[in-house]
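Have a look at the structure below before the remarks.
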Amino acid sequence: MSKIKTIGVVTSGGDAPGMNAAVRAVVRAGIHYGFSILGVRKGYEGLLRGDIVEMSLRSVGDIIHRGGTSLQTARSAEFATAEGVKKAISIAKVFGMDALIVIGGDGSFRGLLDLSKYGLATMGIPGTIDNDIACTEYTIGFDTALNTVQDAIDKIRDTAYSHDRCSVLEVMGRKAGYIALNVGISGGAEAVILPEKEFDIDKDIIKPIMEGRNRGKKHYLVVIAEGVGGAGEVAQYIEEKTDIKSRATILGHIQRGGSPTVYDRVMASRMGAYAVKLLHEGVTNRIIALQKGALVNFDVQEALAMKKTIDKDMIELSKILAM
């Protein structure tokens, strides 16, 4: 069994709906297993400053339905240095922290790997709306972000139909197209443009729009992933080429906010409790992942070395359904 007595929990990198549910699960499962739980506020920056508080069952009450992260998060240039990591280790020792659970993305997990090299037991929980962590099929916040974007698409379609317009919607995802591809299918887009696939603006955007117009369509939707960008330029090109009035919308950080969906709350709760259970069993330095509906775990280095590829069948489906 584990020799760990005190576990810290931190949310790092970009916030994602469901992070609070994961924190809540870590605290309550941790107390269930007999651990003392420390909350690290404002990411790795807070760890360096010693912004650390003891957490109880009540300290995570009334947060499961809230977006963002109650522990807050921040970027830390200092932590990216060897000196910063050593300082973080020394602060963890001051507070008697034996292990640290990090809820975040790839960048956060690289920091977790650095901490583990200096002897701190670690555990990573994937939390990012981008769903771009290679070892897992799903990351906390992805489902909520999809639903937020879909709601925006439904509203944009109303005005696009009213004015015979083309809407060009740019969604988040950094260099990954998972949000764009899924909402492109669910929103009935004429074209979905992804970082993972080269595109020809005339063939992949202009042609399907014109074909739709020839079939009697009165409004059009083009979804562009953040990693491609240029929604404004694409909208202008569409208007010049087709004489269809076109408007660009960049949704931005609205996609990271909002109350998490049931799926995100449940998945975050499962992952948080599972991370604690592994530490209780003496398993450390792992990344939690969802594979084929089941929770599994990978060695940190192994997880970070993995590459994630977008589903080609989904790309093909988006084209078939746009006809």
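Labels for the structure tokens follow display order: chains A, B, ..., residues from 1 in each chain, ligands from 1.
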
Please build the interface table for region 104-201 of chain A against region 12-20 of chain A with a cut-off of 7 Å, listing for each qualifying residue the nearest atom pair and the distance in Å to one decimal; count only C-alpha atoms, order rows by chain and increasing number, and write it as CSV.
```
residue,atom,partner,partner_atom,distance
A:Gly104,CA,A:Ser12,CA,5.1
A:Gly105,CA,A:Gly13,CA,6.7
A:Ser108,CA,A:Ser12,CA,5.9
A:Gly127,CA,A:Ala16,CA,6.3
A:Thr128,CA,A:Ala16,CA,5.4
A:Ile129,CA,A:Ala16,CA,5.8
A:Ile140,CA,A:Gly18,CA,5.9
A:Gly141,CA,A:Pro17,CA,4.6
A:Thr144,CA,A:Pro17,CA,6.6
```

For the selection you just gave me, I'd like the residues written to a file as a tab-separated table (two decimals), in the first residue's frame, keeping C-alpha atoms.
```tsv
chain	number	residue	atom	x	y	z
A	104	GLY	CA	-4.65	20.05	-17.12
A	105	GLY	CA	-3.25	19.46	-20.60
A	108	SER	CA	0.84	20.77	-17.46
A	127	GLY	CA	-8.57	18.58	-18.55
A	128	THR	CA	-8.81	20.68	-21.72
A	129	ILE	CA	-11.63	21.57	-24.10
A	140	ILE	CA	-12.63	16.98	-19.31
A	141	GLY	CA	-14.43	20.01	-20.76
A	144	THR	CA	-19.37	21.20	-22.64
```

DSSP on the backbone: which residues in region 141-236 of chain A end up as strand (DSSP E)? Give the answer as a compact mmCIF listing (two decimals) with C-alpha atoms, in the first residue's frame.
```
# COMPACT_ATOMS: atom_id res chain seq x y z
CA CYS A 166 -22.92 32.41 -45.23
CA SER A 167 -21.58 32.21 -41.69
CA VAL A 168 -17.90 31.43 -41.19
CA LEU A 169 -17.36 30.26 -37.63
CA GLU A 170 -13.90 29.94 -36.08
CA VAL A 171 -13.75 27.64 -33.04
CA ALA A 191 -17.37 22.80 -45.06
CA VAL A 192 -15.14 21.96 -42.09
CA ILE A 193 -11.54 23.17 -42.23
CA TYR A 220 -24.52 28.26 -45.38
CA LEU A 221 -22.09 27.39 -42.60
CA VAL A 222 -18.31 27.00 -42.74
CA VAL A 223 -16.50 25.88 -39.56
CA ILE A 224 -12.80 26.67 -39.26
CA ALA A 225 -10.52 25.36 -36.52
```

Quick one: which region 169-210 of chain A residues come within 10 Å of region 235-256 of chain A, and what is the nearest atom pair for each with the distance in Å to one decimal, counting only C-alpha atoms, rows ordered by chain and ascending number, as JSON lines?
```
{"residue": "A:Leu169", "atom": "CA", "partner": "A:Thr249", "partner_atom": "CA", "distance": 4.9}
{"residue": "A:Glu170", "atom": "CA", "partner": "A:Ile250", "partner_atom": "CA", "distance": 4.8}
{"residue": "A:Val171", "atom": "CA", "partner": "A:Leu251", "partner_atom": "CA", "distance": 6.0}
{"residue": "A:Met172", "atom": "CA", "partner": "A:Gly252", "partner_atom": "CA", "distance": 6.6}
{"residue": "A:Gly173", "atom": "CA", "partner": "A:Gln255", "partner_atom": "CA", "distance": 9.8}
{"residue": "A:Ile179", "atom": "CA", "partner": "A:Gln255", "partner_atom": "CA", "distance": 10.0}
{"residue": "A:Ile201", "atom": "CA", "partner": "A:Tyr237", "partner_atom": "CA", "distance": 8.9}
{"residue": "A:Asp202", "atom": "CA", "partner": "A:Lys241", "partner_atom": "CA", "distance": 9.0}
{"residue": "A:Ile205", "atom": "CA", "partner": "A:Ile238", "partner_atom": "CA", "distance": 8.1}
{"residue": "A:Ile206", "atom": "CA", "partner": "A:Ile238", "partner_atom": "CA", "distance": 6.5}
{"residue": "A:Lys207", "atom": "CA", "partner": "A:Thr242", "partner_atom": "CA", "distance": 9.7}
{"residue": "A:Ile209", "atom": "CA", "partner": "A:Thr242", "partner_atom": "CA", "distance": 8.5}
{"residue": "A:Met210", "atom": "CA", "partner": "A:Thr242", "partner_atom": "CA", "distance": 7.3}
```

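Interatomic distance, CA of Leu38 (chain A) against CA of Met97 (chain A): 7.8 Å.
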
Could you pull the residues within 7 Å of region 81-87 of chain A, counting only C-alpha atoms, minus those fewer than 6 positions along the same chain, as a ChimeraX atom specification? /A:48,114-115

Store the residues picked out above, limited to C-alpha atoms, as a PDB file, in the first residue's frame.
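Now in part.pdb:
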```pdb
ATOM      1  CA  LEU A  48       6.042  28.273  -6.287  1.00  0.00           C
ATOM      2  CA  ASP A 114       9.701  17.279 -14.203  1.00  0.00           C
ATOM      3  CA  LEU A 115       8.384  17.095 -10.645  1.00  0.00           C
TER       4      LEU A 115
END
```

At what distance in Å, to one decimal, does CA of Leu279 (chain A) lie from CA of Leu120 (chain A)? 12.1 Å

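Of the residues under consideration (A:Arg49, A:His219, A:His280, A:His163), A:Arg49 shows the shortest atom-to-atom contact distance to Ile91 (chain A) when counting only C-alpha atoms.
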
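DSSP on the backbone gives helix (DSSP H, G or I) for these parts of region 92-152 of chain A: Ala92, Lys93, Val94, Asp106, Gly107, Ser108, Phe109, Arg110, Gly111, Leu112, Leu113, Asp114, Leu115, Ser116, Lys117, Phe142, Asp143, Thr144, Ala145, Leu146, Asn147, Thr148, Val149, Gln150, Asp151 and Ala152 of chain A.
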
Neighbours of Arg28 (chain A) within 7 Å (only C-alpha atoms; same-chain residues fewer than 4 positions away dropped), as a PyMOL selection string? chain A and resi 24+32+57
